[in-house]
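structure.cif (mmCIF, N, CA and C atoms) appears below.
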```cif
data_entry
loop_
_atom_site.label_atom_id
_atom_site.label_comp_id
_atom_site.auth_asym_id
_atom_site.auth_seq_id
_atom_site.Cartn_x
_atom_site.Cartn_y
_atom_site.Cartn_z
N MET D 1 -0.21 27.51 -6.72
CA MET D 1 0.78 28.53 -6.50
C MET D 1 2.05 28.24 -7.30
N LEU D 2 2.44 26.96 -7.34
CA LEU D 2 3.64 26.61 -8.08
C LEU D 2 3.46 26.90 -9.57
N ASP D 3 2.28 26.56 -10.09
CA ASP D 3 2.00 26.83 -11.50
C ASP D 3 2.08 28.33 -11.79
N LYS D 4 1.52 29.14 -10.91
CA LYS D 4 1.56 30.60 -11.08
C LYS D 4 3.01 31.09 -11.05
N TYR D 5 3.78 30.58 -10.09
CA TYR D 5 5.20 30.95 -9.98
C TYR D 5 5.95 30.60 -11.27
N LEU D 6 5.74 29.37 -11.77
CA LEU D 6 6.46 28.92 -12.96
C LEU D 6 6.04 29.67 -14.22
N ARG D 7 4.77 30.04 -14.31
CA ARG D 7 4.29 30.73 -15.51
C ARG D 7 4.63 32.22 -15.52
N TRP D 8 4.47 32.87 -14.37
CA TRP D 8 4.53 34.33 -14.36
C TRP D 8 5.71 34.92 -13.58
N ILE D 9 6.01 34.38 -12.43
CA ILE D 9 7.00 35.01 -11.57
C ILE D 9 8.42 34.62 -11.93
N ARG D 10 8.69 33.31 -12.01
CA ARG D 10 10.05 32.86 -12.30
C ARG D 10 10.59 33.44 -13.61
N PRO D 11 9.81 33.44 -14.71
CA PRO D 11 10.34 34.02 -15.96
C PRO D 11 10.76 35.49 -15.79
N GLU D 12 10.04 36.24 -14.97
CA GLU D 12 10.42 37.63 -14.73
C GLU D 12 11.73 37.71 -13.95
N LEU D 13 11.93 36.79 -13.03
CA LEU D 13 13.14 36.81 -12.21
C LEU D 13 14.38 36.41 -13.00
N VAL D 14 14.26 35.41 -13.86
CA VAL D 14 15.44 34.94 -14.59
C VAL D 14 15.71 35.74 -15.86
N HIS D 15 14.81 36.64 -16.24
CA HIS D 15 14.83 37.44 -17.47
C HIS D 15 16.00 37.11 -18.42
N GLY D 16 17.19 37.56 -18.20
CA GLY D 16 18.29 37.32 -19.14
C GLY D 16 19.04 36.03 -18.89
N ARG D 17 18.65 35.28 -17.89
CA ARG D 17 19.37 34.06 -17.51
C ARG D 17 18.55 32.83 -17.89
N LEU D 18 18.25 32.69 -19.13
CA LEU D 18 17.37 31.60 -19.58
C LEU D 18 17.96 30.22 -19.32
N LYS D 19 19.28 30.13 -19.12
CA LYS D 19 19.89 28.82 -18.87
C LYS D 19 19.82 28.41 -17.40
N GLU D 20 19.32 29.28 -16.53
CA GLU D 20 19.22 28.93 -15.11
C GLU D 20 18.16 27.84 -14.95
N GLU D 21 18.57 26.67 -14.46
CA GLU D 21 17.67 25.53 -14.35
C GLU D 21 17.06 25.35 -12.96
N ALA D 22 17.54 26.10 -11.98
CA ALA D 22 17.03 25.95 -10.61
C ALA D 22 15.56 26.34 -10.55
N LEU D 23 14.81 25.60 -9.77
CA LEU D 23 13.40 25.91 -9.59
C LEU D 23 13.23 27.23 -8.85
N LEU D 24 13.92 27.36 -7.74
CA LEU D 24 13.79 28.56 -6.91
C LEU D 24 14.95 29.50 -7.18
N VAL D 25 14.62 30.73 -7.56
CA VAL D 25 15.66 31.71 -7.87
C VAL D 25 15.43 32.98 -7.05
N SER D 26 16.50 33.74 -6.90
CA SER D 26 16.44 34.99 -6.14
C SER D 26 15.92 36.11 -7.03
N TYR D 27 15.82 37.31 -6.45
CA TYR D 27 15.39 38.47 -7.23
C TYR D 27 16.36 38.79 -8.37
N SER D 28 17.61 38.35 -8.21
CA SER D 28 18.60 38.59 -9.27
C SER D 28 18.54 37.50 -10.35
N GLY D 29 17.68 36.50 -10.19
CA GLY D 29 17.53 35.45 -11.18
C GLY D 29 18.50 34.30 -11.03
N ARG D 30 19.26 34.32 -9.94
CA ARG D 30 20.22 33.22 -9.70
C ARG D 30 19.61 32.19 -8.74
N ARG D 31 20.13 30.99 -8.82
CA ARG D 31 19.72 29.89 -7.94
C ARG D 31 19.79 30.33 -6.48
N LEU D 32 18.75 30.02 -5.70
CA LEU D 32 18.80 30.29 -4.27
C LEU D 32 19.79 29.33 -3.64
N ASP D 33 20.70 29.86 -2.84
CA ASP D 33 21.66 28.97 -2.18
C ASP D 33 21.02 28.37 -0.92
N ARG D 34 21.67 27.37 -0.40
CA ARG D 34 21.17 26.60 0.74
C ARG D 34 20.92 27.49 1.96
N LEU D 35 21.83 28.40 2.25
CA LEU D 35 21.68 29.24 3.44
C LEU D 35 20.51 30.22 3.30
N THR D 36 20.37 30.81 2.12
CA THR D 36 19.26 31.74 1.90
C THR D 36 17.92 31.03 2.01
N LEU D 37 17.83 29.85 1.43
CA LEU D 37 16.59 29.07 1.51
C LEU D 37 16.28 28.73 2.97
N GLY D 38 17.31 28.37 3.73
CA GLY D 38 17.13 28.07 5.15
C GLY D 38 16.62 29.28 5.92
N GLU D 39 17.15 30.47 5.60
CA GLU D 39 16.70 31.70 6.26
C GLU D 39 15.24 32.00 5.92
N ILE D 40 14.86 31.78 4.67
CA ILE D 40 13.48 32.02 4.24
C ILE D 40 12.53 31.08 4.99
N VAL D 41 12.88 29.81 5.08
CA VAL D 41 12.04 28.82 5.77
C VAL D 41 11.93 29.16 7.25
N ALA D 42 13.06 29.49 7.89
CA ALA D 42 13.05 29.82 9.32
C ALA D 42 12.22 31.07 9.58
N SER D 43 12.34 32.06 8.73
CA SER D 43 11.59 33.29 8.87
C SER D 43 10.08 33.04 8.73
N ALA D 44 9.71 32.22 7.76
CA ALA D 44 8.29 31.89 7.56
C ALA D 44 7.74 31.13 8.76
N ALA D 45 8.55 30.23 9.33
CA ALA D 45 8.12 29.47 10.51
C ALA D 45 7.89 30.40 11.69
N ARG D 46 8.82 31.34 11.91
CA ARG D 46 8.66 32.31 13.00
C ARG D 46 7.40 33.15 12.79
N ALA D 47 7.19 33.59 11.55
CA ALA D 47 6.00 34.41 11.24
C ALA D 47 4.72 33.63 11.48
N ALA D 48 4.78 32.31 11.33
CA ALA D 48 3.60 31.46 11.56
C ALA D 48 3.44 31.10 13.04
N GLY D 49 4.36 31.57 13.87
CA GLY D 49 4.28 31.29 15.31
C GLY D 49 4.85 29.95 15.72
N ILE D 50 5.64 29.33 14.86
CA ILE D 50 6.25 28.04 15.18
C ILE D 50 7.53 28.31 15.95
N GLU D 51 7.62 27.76 17.14
CA GLU D 51 8.78 28.03 17.99
C GLU D 51 9.93 27.05 17.76
N ARG D 52 9.64 25.87 17.24
CA ARG D 52 10.68 24.89 16.98
C ARG D 52 11.54 25.33 15.81
N ARG D 53 12.74 24.80 15.73
CA ARG D 53 13.64 25.09 14.62
C ARG D 53 13.11 24.37 13.38
N VAL D 54 12.88 25.11 12.30
CA VAL D 54 12.38 24.53 11.06
C VAL D 54 13.41 24.81 9.97
N THR D 55 13.78 23.76 9.25
CA THR D 55 14.76 23.86 8.18
C THR D 55 14.18 23.23 6.91
N PRO D 56 14.77 23.51 5.76
CA PRO D 56 14.31 22.82 4.54
C PRO D 56 14.37 21.29 4.71
N HIS D 57 15.41 20.81 5.39
CA HIS D 57 15.54 19.36 5.58
C HIS D 57 14.42 18.83 6.47
N SER D 58 14.06 19.58 7.53
CA SER D 58 12.98 19.09 8.40
C SER D 58 11.65 19.08 7.66
N LEU D 59 11.44 20.03 6.75
CA LEU D 59 10.22 20.02 5.93
C LEU D 59 10.21 18.82 4.99
N ARG D 60 11.35 18.53 4.38
CA ARG D 60 11.48 17.38 3.47
C ARG D 60 11.19 16.09 4.24
N HIS D 61 11.78 15.99 5.43
CA HIS D 61 11.63 14.81 6.27
C HIS D 61 10.17 14.63 6.70
N ALA D 62 9.54 15.72 7.14
CA ALA D 62 8.14 15.65 7.57
C ALA D 62 7.23 15.27 6.42
N CYS D 63 7.48 15.85 5.25
CA CYS D 63 6.65 15.55 4.08
C CYS D 63 6.76 14.07 3.72
N ALA D 64 7.98 13.55 3.69
CA ALA D 64 8.18 12.14 3.34
C ALA D 64 7.51 11.22 4.36
N THR D 65 7.64 11.56 5.64
CA THR D 65 7.04 10.74 6.69
C THR D 65 5.52 10.74 6.56
N HIS D 66 4.92 11.91 6.34
CA HIS D 66 3.47 11.98 6.20
C HIS D 66 2.99 11.24 4.95
N MET D 67 3.75 11.32 3.88
CA MET D 67 3.37 10.59 2.67
C MET D 67 3.36 9.09 2.93
N LEU D 68 4.39 8.61 3.60
CA LEU D 68 4.48 7.18 3.90
C LEU D 68 3.35 6.75 4.84
N GLU D 69 3.07 7.57 5.86
CA GLU D 69 2.00 7.26 6.80
C GLU D 69 0.63 7.25 6.13
N ASN D 70 0.52 7.91 4.99
CA ASN D 70 -0.76 7.97 4.28
C ASN D 70 -0.78 7.08 3.05
N GLY D 71 0.13 6.10 3.00
CA GLY D 71 0.05 5.07 1.99
C GLY D 71 0.95 5.20 0.77
N ALA D 72 1.87 6.16 0.75
CA ALA D 72 2.77 6.30 -0.39
C ALA D 72 3.65 5.05 -0.51
N ASP D 73 3.92 4.64 -1.71
CA ASP D 73 4.78 3.51 -1.99
C ASP D 73 6.23 3.90 -1.69
N LEU D 74 6.96 3.00 -1.01
CA LEU D 74 8.34 3.28 -0.62
C LEU D 74 9.24 3.54 -1.82
N ARG D 75 9.06 2.80 -2.89
CA ARG D 75 9.87 3.02 -4.10
C ARG D 75 9.60 4.38 -4.73
N HIS D 76 8.34 4.80 -4.74
CA HIS D 76 8.01 6.12 -5.28
C HIS D 76 8.62 7.21 -4.41
N LEU D 77 8.57 7.00 -3.10
CA LEU D 77 9.17 7.95 -2.18
C LEU D 77 10.69 8.03 -2.39
N GLN D 78 11.31 6.88 -2.61
CA GLN D 78 12.75 6.85 -2.90
C GLN D 78 13.07 7.71 -4.11
N GLU D 79 12.29 7.56 -5.16
CA GLU D 79 12.53 8.33 -6.38
C GLU D 79 12.30 9.82 -6.15
N LEU D 80 11.24 10.14 -5.44
CA LEU D 80 10.92 11.54 -5.16
C LEU D 80 12.03 12.21 -4.36
N LEU D 81 12.57 11.50 -3.38
CA LEU D 81 13.63 12.06 -2.54
C LEU D 81 15.00 12.03 -3.21
N GLY D 82 15.11 11.25 -4.27
CA GLY D 82 16.40 11.17 -4.97
C GLY D 82 17.41 10.29 -4.28
N HIS D 83 16.94 9.33 -3.49
CA HIS D 83 17.85 8.41 -2.81
C HIS D 83 18.32 7.34 -3.77
N ALA D 84 19.62 7.09 -3.80
CA ALA D 84 20.17 6.04 -4.66
C ALA D 84 19.83 4.66 -4.11
N SER D 85 19.79 4.55 -2.79
CA SER D 85 19.56 3.26 -2.15
C SER D 85 18.21 3.26 -1.42
N LEU D 86 17.50 2.16 -1.56
CA LEU D 86 16.22 2.02 -0.87
C LEU D 86 16.43 1.99 0.65
N SER D 87 17.58 1.50 1.09
CA SER D 87 17.84 1.44 2.53
C SER D 87 17.87 2.84 3.15
N THR D 88 18.28 3.84 2.39
CA THR D 88 18.25 5.22 2.89
C THR D 88 16.82 5.66 3.11
N THR D 89 15.94 5.30 2.22
CA THR D 89 14.53 5.69 2.31
C THR D 89 13.82 4.91 3.42
N GLN D 90 14.30 3.70 3.73
CA GLN D 90 13.65 2.86 4.73
C GLN D 90 13.70 3.46 6.13
N VAL D 91 14.54 4.47 6.36
CA VAL D 91 14.56 5.17 7.64
C VAL D 91 13.16 5.66 7.97
N TYR D 92 12.43 6.09 6.96
CA TYR D 92 11.09 6.62 7.15
C TYR D 92 10.10 5.54 7.59
N THR D 93 10.36 4.27 7.23
CA THR D 93 9.44 3.20 7.65
C THR D 93 9.51 3.01 9.15
N HIS D 94 10.68 3.21 9.75
CA HIS D 94 10.81 3.06 11.20
C HIS D 94 10.00 4.15 11.90
N LEU D 95 10.03 5.36 11.37
CA LEU D 95 9.23 6.44 11.93
C LEU D 95 7.75 6.15 11.79
N SER D 96 7.37 5.58 10.64
CA SER D 96 5.98 5.26 10.39
C SER D 96 5.50 4.17 11.34
N LEU D 97 6.34 3.17 11.61
CA LEU D 97 5.96 2.11 12.54
C LEU D 97 5.79 2.66 13.96
N ARG D 98 6.65 3.59 14.36
CA ARG D 98 6.52 4.20 15.67
C ARG D 98 5.18 4.94 15.76
N HIS D 99 4.85 5.67 14.70
CA HIS D 99 3.58 6.40 14.66
C HIS D 99 2.41 5.43 14.76
N LEU D 100 2.51 4.31 14.06
CA LEU D 100 1.45 3.30 14.09
C LEU D 100 1.28 2.74 15.50
N ARG D 101 2.38 2.43 16.18
CA ARG D 101 2.30 1.91 17.55
C ARG D 101 1.66 2.94 18.50
N GLU D 102 2.07 4.21 18.36
CA GLU D 102 1.51 5.25 19.22
C GLU D 102 0.01 5.43 18.97
N THR D 103 -0.38 5.39 17.72
CA THR D 103 -1.79 5.53 17.38
C THR D 103 -2.59 4.35 17.93
N TYR D 104 -2.05 3.15 17.79
CA TYR D 104 -2.71 1.95 18.32
C TYR D 104 -2.88 2.07 19.83
N ALA D 105 -1.81 2.45 20.52
CA ALA D 105 -1.87 2.56 21.98
C ALA D 105 -2.86 3.63 22.43
N ARG D 106 -2.98 4.69 21.66
CA ARG D 106 -3.88 5.78 22.01
C ARG D 106 -5.33 5.45 21.69
N CYS D 107 -5.58 4.66 20.66
CA CYS D 107 -6.94 4.50 20.14
C CYS D 107 -7.59 3.15 20.38
N HIS D 108 -6.84 2.08 20.49
CA HIS D 108 -7.44 0.76 20.62
C HIS D 108 -8.02 0.59 22.03
N PRO D 109 -9.31 0.20 22.13
CA PRO D 109 -9.97 0.11 23.44
C PRO D 109 -9.25 -0.79 24.44
N ARG D 110 -8.81 -1.94 24.03
CA ARG D 110 -8.16 -2.86 24.97
C ARG D 110 -6.79 -2.34 25.39
N GLU D 111 -6.09 -1.72 24.48
CA GLU D 111 -4.77 -1.18 24.80
C GLU D 111 -4.90 -0.02 25.79
N ARG D 112 -5.91 0.80 25.61
CA ARG D 112 -6.10 1.95 26.50
C ARG D 112 -6.34 1.51 27.94
N VAL D 113 -7.00 0.37 28.13
CA VAL D 113 -7.29 -0.13 29.47
C VAL D 113 -6.00 -0.50 30.18
N THR D 114 -5.01 -1.01 29.43
CA THR D 114 -3.78 -1.49 30.06
C THR D 114 -2.80 -0.36 30.38
N LEU D 115 -3.01 0.82 29.82
CA LEU D 115 -2.11 1.93 30.07
C LEU D 115 -2.54 2.72 31.30
N ALA D 116 -1.60 3.00 32.16
CA ALA D 116 -1.87 3.91 33.28
C ALA D 116 -1.98 5.32 32.71
N PRO D 117 -2.75 6.18 33.34
CA PRO D 117 -2.92 7.55 32.81
C PRO D 117 -1.60 8.25 32.54
N SER D 118 -0.60 8.05 33.37
CA SER D 118 0.69 8.72 33.17
C SER D 118 1.48 8.11 31.99
N GLU D 119 1.10 6.91 31.57
CA GLU D 119 1.81 6.24 30.47
C GLU D 119 1.18 6.48 29.11
N GLU D 120 -0.04 7.04 29.09
CA GLU D 120 -0.73 7.22 27.82
C GLU D 120 0.06 8.15 26.92
N PRO D 121 0.20 7.79 25.64
CA PRO D 121 0.90 8.66 24.70
C PRO D 121 0.18 9.99 24.57
N SER D 122 0.94 11.03 24.29
CA SER D 122 0.33 12.35 24.12
C SER D 122 -0.46 12.38 22.83
N LYS D 123 -1.53 13.16 22.81
CA LYS D 123 -2.40 13.25 21.63
C LYS D 123 -1.93 14.28 20.69
#
```
If you convert what's in this file into structure tokens, what do you get?
Amino acid sequence: MLDKYLRWIRPELVHGRLKEEALLVSYSGRRLDRLTLGEIVASAARAAGIERRVTPHSLRHACATHMLENGADLRHLQELLGHASLSTTQVYTHLSLRHLRETYARCHPRERVTLAPSEEPSK
């Protein structure tokens, strides 16, 4: 979809604004501002039946967390997110460790025996 957008749709939108460098542009060919992008994301989430508040930042955060949980290198993630400091990116490792502990508690046979039914992590 991104390739199609870059080849066919974006050039039509920016028509006379060839110097516009933003990836996402409006119908007028100008860079999408932060608020408009947030409205688009929130609207798409509502249309998909998602009741929680969804923002561009929450999508970025979720994507980074899932990448790390699936083996992405922390340095590569730092570069992708544009973080100047690795310590900023390391916030995601704490989330990943929490996920690992919850998965272990939910799935490991010996751990499951020690948990009372009311203490079991949600699936």
inquiry  = Can you spell out as a ChimeraX atom specification the set of residues that the PyMOL selection byres (((chain D and resi 41 and name CA) around 12) and name CA) selects in the structure I just provided?
reply    = /D:34-40,42-48,50,52-60
Residue selection dump (N, CA and C atoms) as a PDB file, in the coordinates of the input:
```pdb
ATOM      1  N   ARG D  34      21.670  27.370  -0.400  1.00  0.00           N
ATOM      2  CA  ARG D  34      21.170  26.600   0.740  1.00  0.00           C
ATOM      3  C   ARG D  34      20.920  27.490   1.960  1.00  0.00           C
ATOM      4  N   LEU D  35      21.830  28.400   2.250  1.00  0.00           N
ATOM      5  CA  LEU D  35      21.680  29.240   3.440  1.00  0.00           C
ATOM      6  C   LEU D  35      20.510  30.220   3.300  1.00  0.00           C
ATOM      7  N   THR D  36      20.370  30.810   2.120  1.00  0.00           N
ATOM      8  CA  THR D  36      19.260  31.740   1.900  1.00  0.00           C
ATOM      9  C   THR D  36      17.920  31.030   2.010  1.00  0.00           C
ATOM     10  N   LEU D  37      17.830  29.850   1.430  1.00  0.00           N
ATOM     11  CA  LEU D  37      16.590  29.070   1.510  1.00  0.00           C
ATOM     12  C   LEU D  37      16.280  28.730   2.970  1.00  0.00           C
ATOM     13  N   GLY D  38      17.310  28.370   3.730  1.00  0.00           N
ATOM     14  CA  GLY D  38      17.130  28.070   5.150  1.00  0.00           C
ATOM     15  C   GLY D  38      16.620  29.280   5.920  1.00  0.00           C
ATOM     16  N   GLU D  39      17.150  30.470   5.600  1.00  0.00           N
ATOM     17  CA  GLU D  39      16.700  31.700   6.260  1.00  0.00           C
ATOM     18  C   GLU D  39      15.240  32.000   5.920  1.00  0.00           C
ATOM     19  N   ILE D  40      14.860  31.780   4.670  1.00  0.00           N
ATOM     20  CA  ILE D  40      13.480  32.020   4.240  1.00  0.00           C
ATOM     21  C   ILE D  40      12.530  31.080   4.990  1.00  0.00           C
ATOM     22  N   ALA D  42      13.060  29.490   7.890  1.00  0.00           N
ATOM     23  CA  ALA D  42      13.050  29.820   9.320  1.00  0.00           C
ATOM     24  C   ALA D  42      12.220  31.070   9.580  1.00  0.00           C
ATOM     25  N   SER D  43      12.340  32.060   8.730  1.00  0.00           N
ATOM     26  CA  SER D  43      11.590  33.290   8.870  1.00  0.00           C
ATOM     27  C   SER D  43      10.080  33.040   8.730  1.00  0.00           C
ATOM     28  N   ALA D  44       9.710  32.220   7.760  1.00  0.00           N
ATOM     29  CA  ALA D  44       8.290  31.890   7.560  1.00  0.00           C
ATOM     30  C   ALA D  44       7.740  31.130   8.760  1.00  0.00           C
ATOM     31  N   ALA D  45       8.550  30.230   9.330  1.00  0.00           N
ATOM     32  CA  ALA D  45       8.120  29.470  10.510  1.00  0.00           C
ATOM     33  C   ALA D  45       7.890  30.400  11.690  1.00  0.00           C
ATOM     34  N   ARG D  46       8.820  31.340  11.910  1.00  0.00           N
ATOM     35  CA  ARG D  46       8.660  32.310  13.000  1.00  0.00           C
ATOM     36  C   ARG D  46       7.400  33.150  12.790  1.00  0.00           C
ATOM     37  N   ALA D  47       7.190  33.590  11.550  1.00  0.00           N
ATOM     38  CA  ALA D  47       6.000  34.410  11.240  1.00  0.00           C
ATOM     39  C   ALA D  47       4.720  33.630  11.480  1.00  0.00           C
ATOM     40  N   ALA D  48       4.780  32.310  11.330  1.00  0.00           N
ATOM     41  CA  ALA D  48       3.600  31.460  11.560  1.00  0.00           C
ATOM     42  C   ALA D  48       3.440  31.100  13.040  1.00  0.00           C
ATOM     43  N   ILE D  50       5.640  29.330  14.860  1.00  0.00           N
ATOM     44  CA  ILE D  50       6.250  28.040  15.180  1.00  0.00           C
ATOM     45  C   ILE D  50       7.530  28.310  15.950  1.00  0.00           C
ATOM     46  N   ARG D  52       9.640  25.870  17.240  1.00  0.00           N
ATOM     47  CA  ARG D  52      10.680  24.890  16.980  1.00  0.00           C
ATOM     48  C   ARG D  52      11.540  25.330  15.810  1.00  0.00           C
ATOM     49  N   ARG D  53      12.740  24.800  15.730  1.00  0.00           N
ATOM     50  CA  ARG D  53      13.640  25.090  14.620  1.00  0.00           C
ATOM     51  C   ARG D  53      13.110  24.370  13.380  1.00  0.00           C
ATOM     52  N   VAL D  54      12.880  25.110  12.300  1.00  0.00           N
ATOM     53  CA  VAL D  54      12.380  24.530  11.060  1.00  0.00           C
ATOM     54  C   VAL D  54      13.410  24.810   9.970  1.00  0.00           C
ATOM     55  N   THR D  55      13.780  23.760   9.250  1.00  0.00           N
ATOM     56  CA  THR D  55      14.760  23.860   8.180  1.00  0.00           C
ATOM     57  C   THR D  55      14.180  23.230   6.910  1.00  0.00           C
ATOM     58  N   PRO D  56      14.770  23.510   5.760  1.00  0.00           N
ATOM     59  CA  PRO D  56      14.310  22.820   4.540  1.00  0.00           C
ATOM     60  C   PRO D  56      14.370  21.290   4.710  1.00  0.00           C
ATOM     61  N   HIS D  57      15.410  20.810   5.390  1.00  0.00           N
ATOM     62  CA  HIS D  57      15.540  19.360   5.580  1.00  0.00           C
ATOM     63  C   HIS D  57      14.420  18.830   6.470  1.00  0.00           C
ATOM     64  N   SER D  58      14.060  19.580   7.530  1.00  0.00           N
ATOM     65  CA  SER D  58      12.980  19.090   8.400  1.00  0.00           C
ATOM     66  C   SER D  58      11.650  19.080   7.660  1.00  0.00           C
ATOM     67  N   LEU D  59      11.440  20.030   6.750  1.00  0.00           N
ATOM     68  CA  LEU D  59      10.220  20.020   5.930  1.00  0.00           C
ATOM     69  C   LEU D  59      10.210  18.820   4.990  1.00  0.00           C
ATOM     70  N   ARG D  60      11.350  18.530   4.380  1.00  0.00           N
ATOM     71  CA  ARG D  60      11.480  17.380   3.470  1.00  0.00           C
ATOM     72  C   ARG D  60      11.190  16.090   4.240  1.00  0.00           C
TER      73      ARG D  60
END
```
query = So which residues get picked by the PyMOL selection byres ((chain D and resi 25-30) around 6.5) here, written as a PyMOL selection string?
reply = chain D and resi 13-15+22-24+31-33
With N, CA and C atoms retained, could you export that selection as an mmCIF file, in the coordinates of the input?
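Produced file selection.cif, reproduced below:
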```
data_model
loop_
_atom_site.group_PDB
_atom_site.id
_atom_site.type_symbol
_atom_site.label_atom_id
_atom_site.label_comp_id
_atom_site.auth_asym_id
_atom_site.auth_seq_id
_atom_site.Cartn_x
_atom_site.Cartn_y
_atom_site.Cartn_z
ATOM 1 N N LEU D 13 11.930 36.790 -13.030
ATOM 2 C CA LEU D 13 13.140 36.810 -12.210
ATOM 3 C C LEU D 13 14.380 36.410 -13.000
ATOM 4 N N VAL D 14 14.260 35.410 -13.860
ATOM 5 C CA VAL D 14 15.440 34.940 -14.590
ATOM 6 C C VAL D 14 15.710 35.740 -15.860
ATOM 7 N N HIS D 15 14.810 36.640 -16.240
ATOM 8 C CA HIS D 15 14.830 37.440 -17.470
ATOM 9 C C HIS D 15 16.000 37.110 -18.420
ATOM 10 N N ALA D 22 17.540 26.100 -11.980
ATOM 11 C CA ALA D 22 17.030 25.950 -10.610
ATOM 12 C C ALA D 22 15.560 26.340 -10.550
ATOM 13 N N LEU D 23 14.810 25.600 -9.770
ATOM 14 C CA LEU D 23 13.400 25.910 -9.590
ATOM 15 C C LEU D 23 13.230 27.230 -8.850
ATOM 16 N N LEU D 24 13.920 27.360 -7.740
ATOM 17 C CA LEU D 24 13.790 28.560 -6.910
ATOM 18 C C LEU D 24 14.950 29.500 -7.180
ATOM 19 N N ARG D 31 20.130 30.990 -8.820
ATOM 20 C CA ARG D 31 19.720 29.890 -7.940
ATOM 21 C C ARG D 31 19.790 30.330 -6.480
ATOM 22 N N LEU D 32 18.750 30.020 -5.700
ATOM 23 C CA LEU D 32 18.800 30.290 -4.270
ATOM 24 C C LEU D 32 19.790 29.330 -3.640
ATOM 25 N N ASP D 33 20.700 29.860 -2.840
ATOM 26 C CA ASP D 33 21.660 28.970 -2.180
ATOM 27 C C ASP D 33 21.020 28.370 -0.920
#
```
request  = Within region 8-37 of chain D, find each residue whose DSSP state, derived from the backbone, is helix (DSSP H, G or I), and express the selection as a PyMOL selection string.
outcome  = chain D and resi 8-14+34-37
Selection above as a file: N, CA and C atoms, as a PDB file, keeping the file's coordinate frame:
```pdb
ATOM      1  N   TRP D   8       4.470  32.870 -14.370  1.00  0.00           N
ATOM      2  CA  TRP D   8       4.530  34.330 -14.360  1.00  0.00           C
ATOM      3  C   TRP D   8       5.710  34.920 -13.580  1.00  0.00           C
ATOM      4  N   ILE D   9       6.010  34.380 -12.430  1.00  0.00           N
ATOM      5  CA  ILE D   9       7.000  35.010 -11.570  1.00  0.00           C
ATOM      6  C   ILE D   9       8.420  34.620 -11.930  1.00  0.00           C
ATOM      7  N   ARG D  10       8.690  33.310 -12.010  1.00  0.00           N
ATOM      8  CA  ARG D  10      10.050  32.860 -12.300  1.00  0.00           C
ATOM      9  C   ARG D  10      10.590  33.440 -13.610  1.00  0.00           C
ATOM     10  N   PRO D  11       9.810  33.440 -14.710  1.00  0.00           N
ATOM     11  CA  PRO D  11      10.340  34.020 -15.960  1.00  0.00           C
ATOM     12  C   PRO D  11      10.760  35.490 -15.790  1.00  0.00           C
ATOM     13  N   GLU D  12      10.040  36.240 -14.970  1.00  0.00           N
ATOM     14  CA  GLU D  12      10.420  37.630 -14.730  1.00  0.00           C
ATOM     15  C   GLU D  12      11.730  37.710 -13.950  1.00  0.00           C
ATOM     16  N   LEU D  13      11.930  36.790 -13.030  1.00  0.00           N
ATOM     17  CA  LEU D  13      13.140  36.810 -12.210  1.00  0.00           C
ATOM     18  C   LEU D  13      14.380  36.410 -13.000  1.00  0.00           C
ATOM     19  N   VAL D  14      14.260  35.410 -13.860  1.00  0.00           N
ATOM     20  CA  VAL D  14      15.440  34.940 -14.590  1.00  0.00           C
ATOM     21  C   VAL D  14      15.710  35.740 -15.860  1.00  0.00           C
ATOM     22  N   ARG D  34      21.670  27.370  -0.400  1.00  0.00           N
ATOM     23  CA  ARG D  34      21.170  26.600   0.740  1.00  0.00           C
ATOM     24  C   ARG D  34      20.920  27.490   1.960  1.00  0.00           C
ATOM     25  N   LEU D  35      21.830  28.400   2.250  1.00  0.00           N
ATOM     26  CA  LEU D  35      21.680  29.240   3.440  1.00  0.00           C
ATOM     27  C   LEU D  35      20.510  30.220   3.300  1.00  0.00           C
ATOM     28  N   THR D  36      20.370  30.810   2.120  1.00  0.00           N
ATOM     29  CA  THR D  36      19.260  31.740   1.900  1.00  0.00           C
ATOM     30  C   THR D  36      17.920  31.030   2.010  1.00  0.00           C
ATOM     31  N   LEU D  37      17.830  29.850   1.430  1.00  0.00           N
ATOM     32  CA  LEU D  37      16.590  29.070   1.510  1.00  0.00           C
ATOM     33  C   LEU D  37      16.280  28.730   2.970  1.00  0.00           C
TER      34      LEU D  37
END
```
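Across the model, the gap from CA of Tyr92 (chain D) to CA of Leu68 (chain D) is 7.4 Å.
Here atom C of Ala62 (chain D) is placed at a distance of 18.7 Å from atom N of Leu2 (chain D).
Pairwise distance (CA of Leu81 (chain D), atom N of Ala64 (chain D)) equals 8.5 Å.
Picked by the PyMOL selection byres (((chain D and resi 74 and name CA) around 10) and name CA) from the coordinates shown: Ala64, Met67, Leu68, Gly71, Ala72, Asp73, Arg75, His76, Leu77, Gln78, Glu79, Leu80, Leu86, Thr89, Gln90, Tyr92 and Thr93 of chain D.
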Give the centre and edge lengths of an axis-aligned box, in Å to one decimal, that holds all listed atoms of region 24-35 of chain D with 5 Å on each side, as AutoDock Vina command-line options.
```
--center_x 17.8 --center_y 32.7 --center_z -3.9 --size_x 18.0 --size_y 22.2 --size_z 24.6
```
